[in-house]
Each structure stands twice: as structure tokens, then as C-alpha cells.
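Q: One structure coming up, written as C-alpha cells, with questions to follow.
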Amino acid sequence: SEAYYNEEIVERCIEKKTGEYLIDWSGYPGIDAVTGMPDWQSVIVVPMVDRGELKAVVYLSASIKNKEFDASTYNYVKTLSDIMVAAF
């Protein structure tokens with residue numbers, strides 16, 4: 001199956017060069033086969049910026065029934081992204 005991501009969230013990250021963590025209420029979530037309910041996604045998006053230049057965007061998502069990202073998870077991903085972009 002094809003991976004889904006919310007283009008609006010990615011575009012906002014690219015324009016502002018800032019990351020965020022959120023529940024994606026507006027994207028197409030798919031339907032949970034067991035419950036028949038929408039399968040909403042918890043999302044982390046982080047820009048990888050080196051010397052003011054955007055190099056990449058990290059986009060992670062998980063079903064909110066499995067995981068809801070929080071500030072500590074966001075900060076961890078941001079720190080790893082900052083380390084990785086510095087290594088390029």
C-alpha cells in the first residue's frame with residue numbers, strides 16, 4: 001500500500017522552517033478494519049536546517065490508538081535530526 005502523508009503539514013514546515021507535533025484531524029485517516037472508526041494519526045514533523053538552508057523534512061506518524069507523540073518525543077526527534085543534518 002502507498003504511504004500517506006499530509007502535504008499541508010509538510011508545506012507549513014518548509015515555509016516556516018519550524019517543526020511541530022500534532023494530531024492530524026484534517027488528513028484522510030483511513031478506516032480501522034475492526035472498529036470502523038477513522039484511524040487518526042499523531043504526527044511529528046521536523047525541518048532539517050543547516051546554516052539556514054532547509055535540507056530535508058522528517059515526517060513521522062503513528063495511529064493514535066498505538067501512540068500519541070508528546071513534547072519529549074518531539075524534542076528527541078528534533079535533537080537526532082539536528083545531529084544528522086550537522087553530519088552531512
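By convention here, the chains of the C-alpha cells are called A, B, ... in the order presented, each chain's residues are numbered starting at 1, and ligands are numbered starting at 1 in the order presented.
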Any idea what's packed within 12 Å of Met84 (chain A), counting only C-alpha atoms, ignoring anything in its chain fewer than 6 positions away? Could you give it as a CSV table (one decimal) with all heavy atoms, in the first residue's frame?
A:
chain,number,residue,atom,x,y,z
A,47,PRO,N,12.0,20.1,10.5
A,47,PRO,CA,12.8,20.5,9.4
A,47,PRO,C,14.3,20.2,9.7
A,47,PRO,O,14.7,20.4,10.9
A,47,PRO,CB,12.6,22.0,9.3
A,47,PRO,CG,12.3,22.4,10.7
A,47,PRO,CD,11.6,21.3,11.3
A,48,MET,N,15.0,19.8,8.7
A,48,MET,CA,16.5,19.6,8.9
A,48,MET,C,17.1,20.8,8.2
A,48,MET,O,17.2,20.9,7.0
A,48,MET,CB,16.9,18.3,8.3
A,48,MET,CG,16.3,17.1,9.1
A,48,MET,SD,16.8,15.5,8.4
A,48,MET,CE,18.5,15.4,9.0
A,49,VAL,N,17.6,21.8,9.0
A,49,VAL,CA,18.1,23.0,8.5
A,49,VAL,C,19.6,23.1,8.9
A,49,VAL,O,20.0,22.9,10.1
A,49,VAL,CB,17.4,24.2,9.2
A,49,VAL,CG1,18.0,25.5,8.7
A,49,VAL,CG2,15.9,24.1,8.8
A,50,ASP,N,20.4,23.4,7.9
A,50,ASP,CA,21.9,23.5,8.1
A,50,ASP,C,22.3,24.9,7.6
A,50,ASP,O,22.1,25.2,6.4
A,50,ASP,CB,22.6,22.5,7.4
A,50,ASP,CG,24.1,22.5,7.6
A,50,ASP,OD1,24.6,22.9,8.7
A,50,ASP,OD2,24.9,22.2,6.7
A,55,LYS,N,17.4,21.3,4.3
A,55,LYS,CA,18.0,20.1,3.6
A,55,LYS,C,17.0,19.0,3.5
A,55,LYS,O,17.0,18.3,2.5
A,55,LYS,CB,19.2,19.6,4.4
A,55,LYS,CG,20.3,20.6,4.6
A,55,LYS,CD,21.0,20.9,3.3
A,55,LYS,CE,22.2,21.7,3.4
A,55,LYS,NZ,23.0,22.0,2.2
A,56,ALA,N,16.1,18.8,4.4
A,56,ALA,CA,15.1,17.7,4.4
A,56,ALA,C,14.1,18.0,5.4
A,56,ALA,O,14.2,18.9,6.3
A,56,ALA,CB,15.8,16.4,4.7
A,57,VAL,N,13.0,17.2,5.4
A,57,VAL,CA,11.9,17.2,6.4
A,57,VAL,C,11.7,15.8,6.9
A,57,VAL,O,11.6,14.9,6.1
A,57,VAL,CB,10.6,17.8,5.8
A,57,VAL,CG1,9.5,17.7,6.8
A,57,VAL,CG2,10.8,19.2,5.4
A,58,VAL,N,11.7,15.7,8.2
A,58,VAL,CA,11.4,14.4,8.9
A,58,VAL,C,10.0,14.4,9.2
A,58,VAL,O,9.5,15.3,9.8
A,58,VAL,CB,12.3,14.2,10.2
A,58,VAL,CG1,11.9,12.9,10.9
A,58,VAL,CG2,13.7,14.2,9.9
A,77,VAL,N,13.3,13.6,18.7
A,77,VAL,CA,13.4,13.5,17.2
A,77,VAL,C,14.2,14.8,16.7
A,77,VAL,O,15.0,14.7,15.8
A,77,VAL,CB,12.0,13.4,16.5
A,77,VAL,CG1,12.1,13.5,15.0
A,77,VAL,CG2,11.4,12.0,16.9
A,78,LYS,N,13.8,16.0,17.2
A,78,LYS,CA,14.5,17.2,16.8
A,78,LYS,C,16.0,17.1,17.1
A,78,LYS,O,16.8,17.5,16.2
A,78,LYS,CB,13.9,18.4,17.5
A,78,LYS,CG,14.6,19.7,17.3
A,78,LYS,CD,13.8,20.6,16.4
A,78,LYS,CE,14.5,22.0,16.3
A,78,LYS,NZ,15.7,22.0,15.6
Q: Name all residues at most 6 Å from Pro29 (chain A) (count only C-alpha atoms; drop same-chain ones fewer than 6 positions away) and give them as number ranges by chain.
A: A: 38-40
Q: In terms of the shortest atom-to-atom distance over only C-alpha atoms, which of A:Glu53, A:Gln41, A:Tyr4, A:Tyr28 is closest to Lys16 (chain A)?
A: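 Closest to Lys16 (chain A), using only C-alpha atoms: A:Glu53.
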Q: Between A:Ile23, A:Ile83, A:Leu54, A:Met37, which residue has the minimum interatomic distance to Phe69 (chain A), considering only C-alpha atoms?
A: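 Among A:Ile23, A:Ile83, A:Leu54, A:Met37, it is A:Ile23 that comes nearest to Phe69 (chain A).
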Q: Report as JSON, numbers by chain: the residues of chain A with a DSSP assignment of strand (DSSP E or B), based on the backbone of this structure.
A: {"A": [20, 21, 22, 23, 24, 31, 38, 41, 42, 43, 44, 45, 46, 47, 48, 49, 50, 53, 54, 55, 56, 57, 58, 59, 60, 61, 62, 63]}
Q: Compare A:Tyr21, A:Val34, A:Val45, A:Arg51 by their minimum atom-to-atom distance to Asp70 (chain A), counting only C-alpha atoms, and give me the closest one.
A: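 Looking at the shortest contact to Asp70 (chain A), the residue is A:Tyr21.
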Q: Separation of CA of Trp25 (chain A) and CA of Thr79 (chain A), in Å?
A: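 These two atoms are separated by 26.2 Å.
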Q: For Ile44 (chain A), find every residue with an atom within 7 Å (counting only C-alpha atoms), except residues of its own chain fewer than 2 positions away, and show them as an mmCIF file with N, CA and C atoms, in the first residue's frame.
A:
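Contents of selection_4.cif, freshly written:
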data_model
loop_
_atom_site.group_PDB
_atom_site.id
_atom_site.type_symbol
_atom_site.label_atom_id
_atom_site.label_comp_id
_atom_site.auth_asym_id
_atom_site.auth_seq_id
_atom_site.Cartn_x
_atom_site.Cartn_y
_atom_site.Cartn_z
ATOM 1 N N GLU A 20 6.730 20.675 14.486
ATOM 2 C CA GLU A 20 5.591 20.597 15.391
ATOM 3 C C GLU A 20 5.188 19.150 15.593
ATOM 4 N N TYR A 21 4.390 18.925 16.631
ATOM 5 C CA TYR A 21 3.754 17.629 16.825
ATOM 6 C C TYR A 21 2.264 17.891 17.029
ATOM 7 N N LEU A 22 1.443 17.040 16.446
ATOM 8 C CA LEU A 22 0.006 17.289 16.436
ATOM 9 C C LEU A 22 -0.764 16.024 16.073
ATOM 10 N N VAL A 46 9.695 17.659 11.469
ATOM 11 C CA VAL A 46 10.875 18.417 11.882
ATOM 12 C C VAL A 46 11.670 18.816 10.640
ATOM 13 N N TYR A 59 9.242 13.359 8.729
ATOM 14 C CA TYR A 59 7.798 13.245 8.959
ATOM 15 C C TYR A 59 7.530 11.864 9.537
ATOM 16 N N LEU A 60 7.076 11.826 10.775
ATOM 17 C CA LEU A 60 6.755 10.563 11.432
ATOM 18 C C LEU A 60 5.278 10.571 11.797
ATOM 19 N N SER A 61 4.616 9.442 11.603
ATOM 20 C CA SER A 61 3.209 9.352 12.002
ATOM 21 C C SER A 61 2.923 7.970 12.567
ATOM 22 N N TYR A 74 8.976 14.700 20.567
ATOM 23 C CA TYR A 74 9.326 15.709 19.565
ATOM 24 C C TYR A 74 10.755 16.206 19.779
#
Q: What is the CA of Ala62 (chain A) to CA of Ala86 (chain A) distance in Å?
A: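 Going from CA of Ala62 (chain A) over to CA of Ala86 (chain A) covers 26.7 Å.
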Q: Find the distance between CA of Ile14 (chain A) and CA of Ser42 (chain A) and write it in Å to one decimal.
A: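 That distance, rounded to one decimal, is 19.0 Å.
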Q: Identify, with DSSP run on backbone atoms, the residues in chain A assigned to alpha helix (DSSP H), and express the list as an NGL selection string.
A: :A and (7-16 or 71-87)
Q: Between A:Asp32, A:Asp82, A:Gly52, A:Glu7, which residue has the minimum interatomic distance to Lys65 (chain A), considering only C-alpha atoms?
A: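 Closest residue, counting only C-alpha atoms: A:Asp32.
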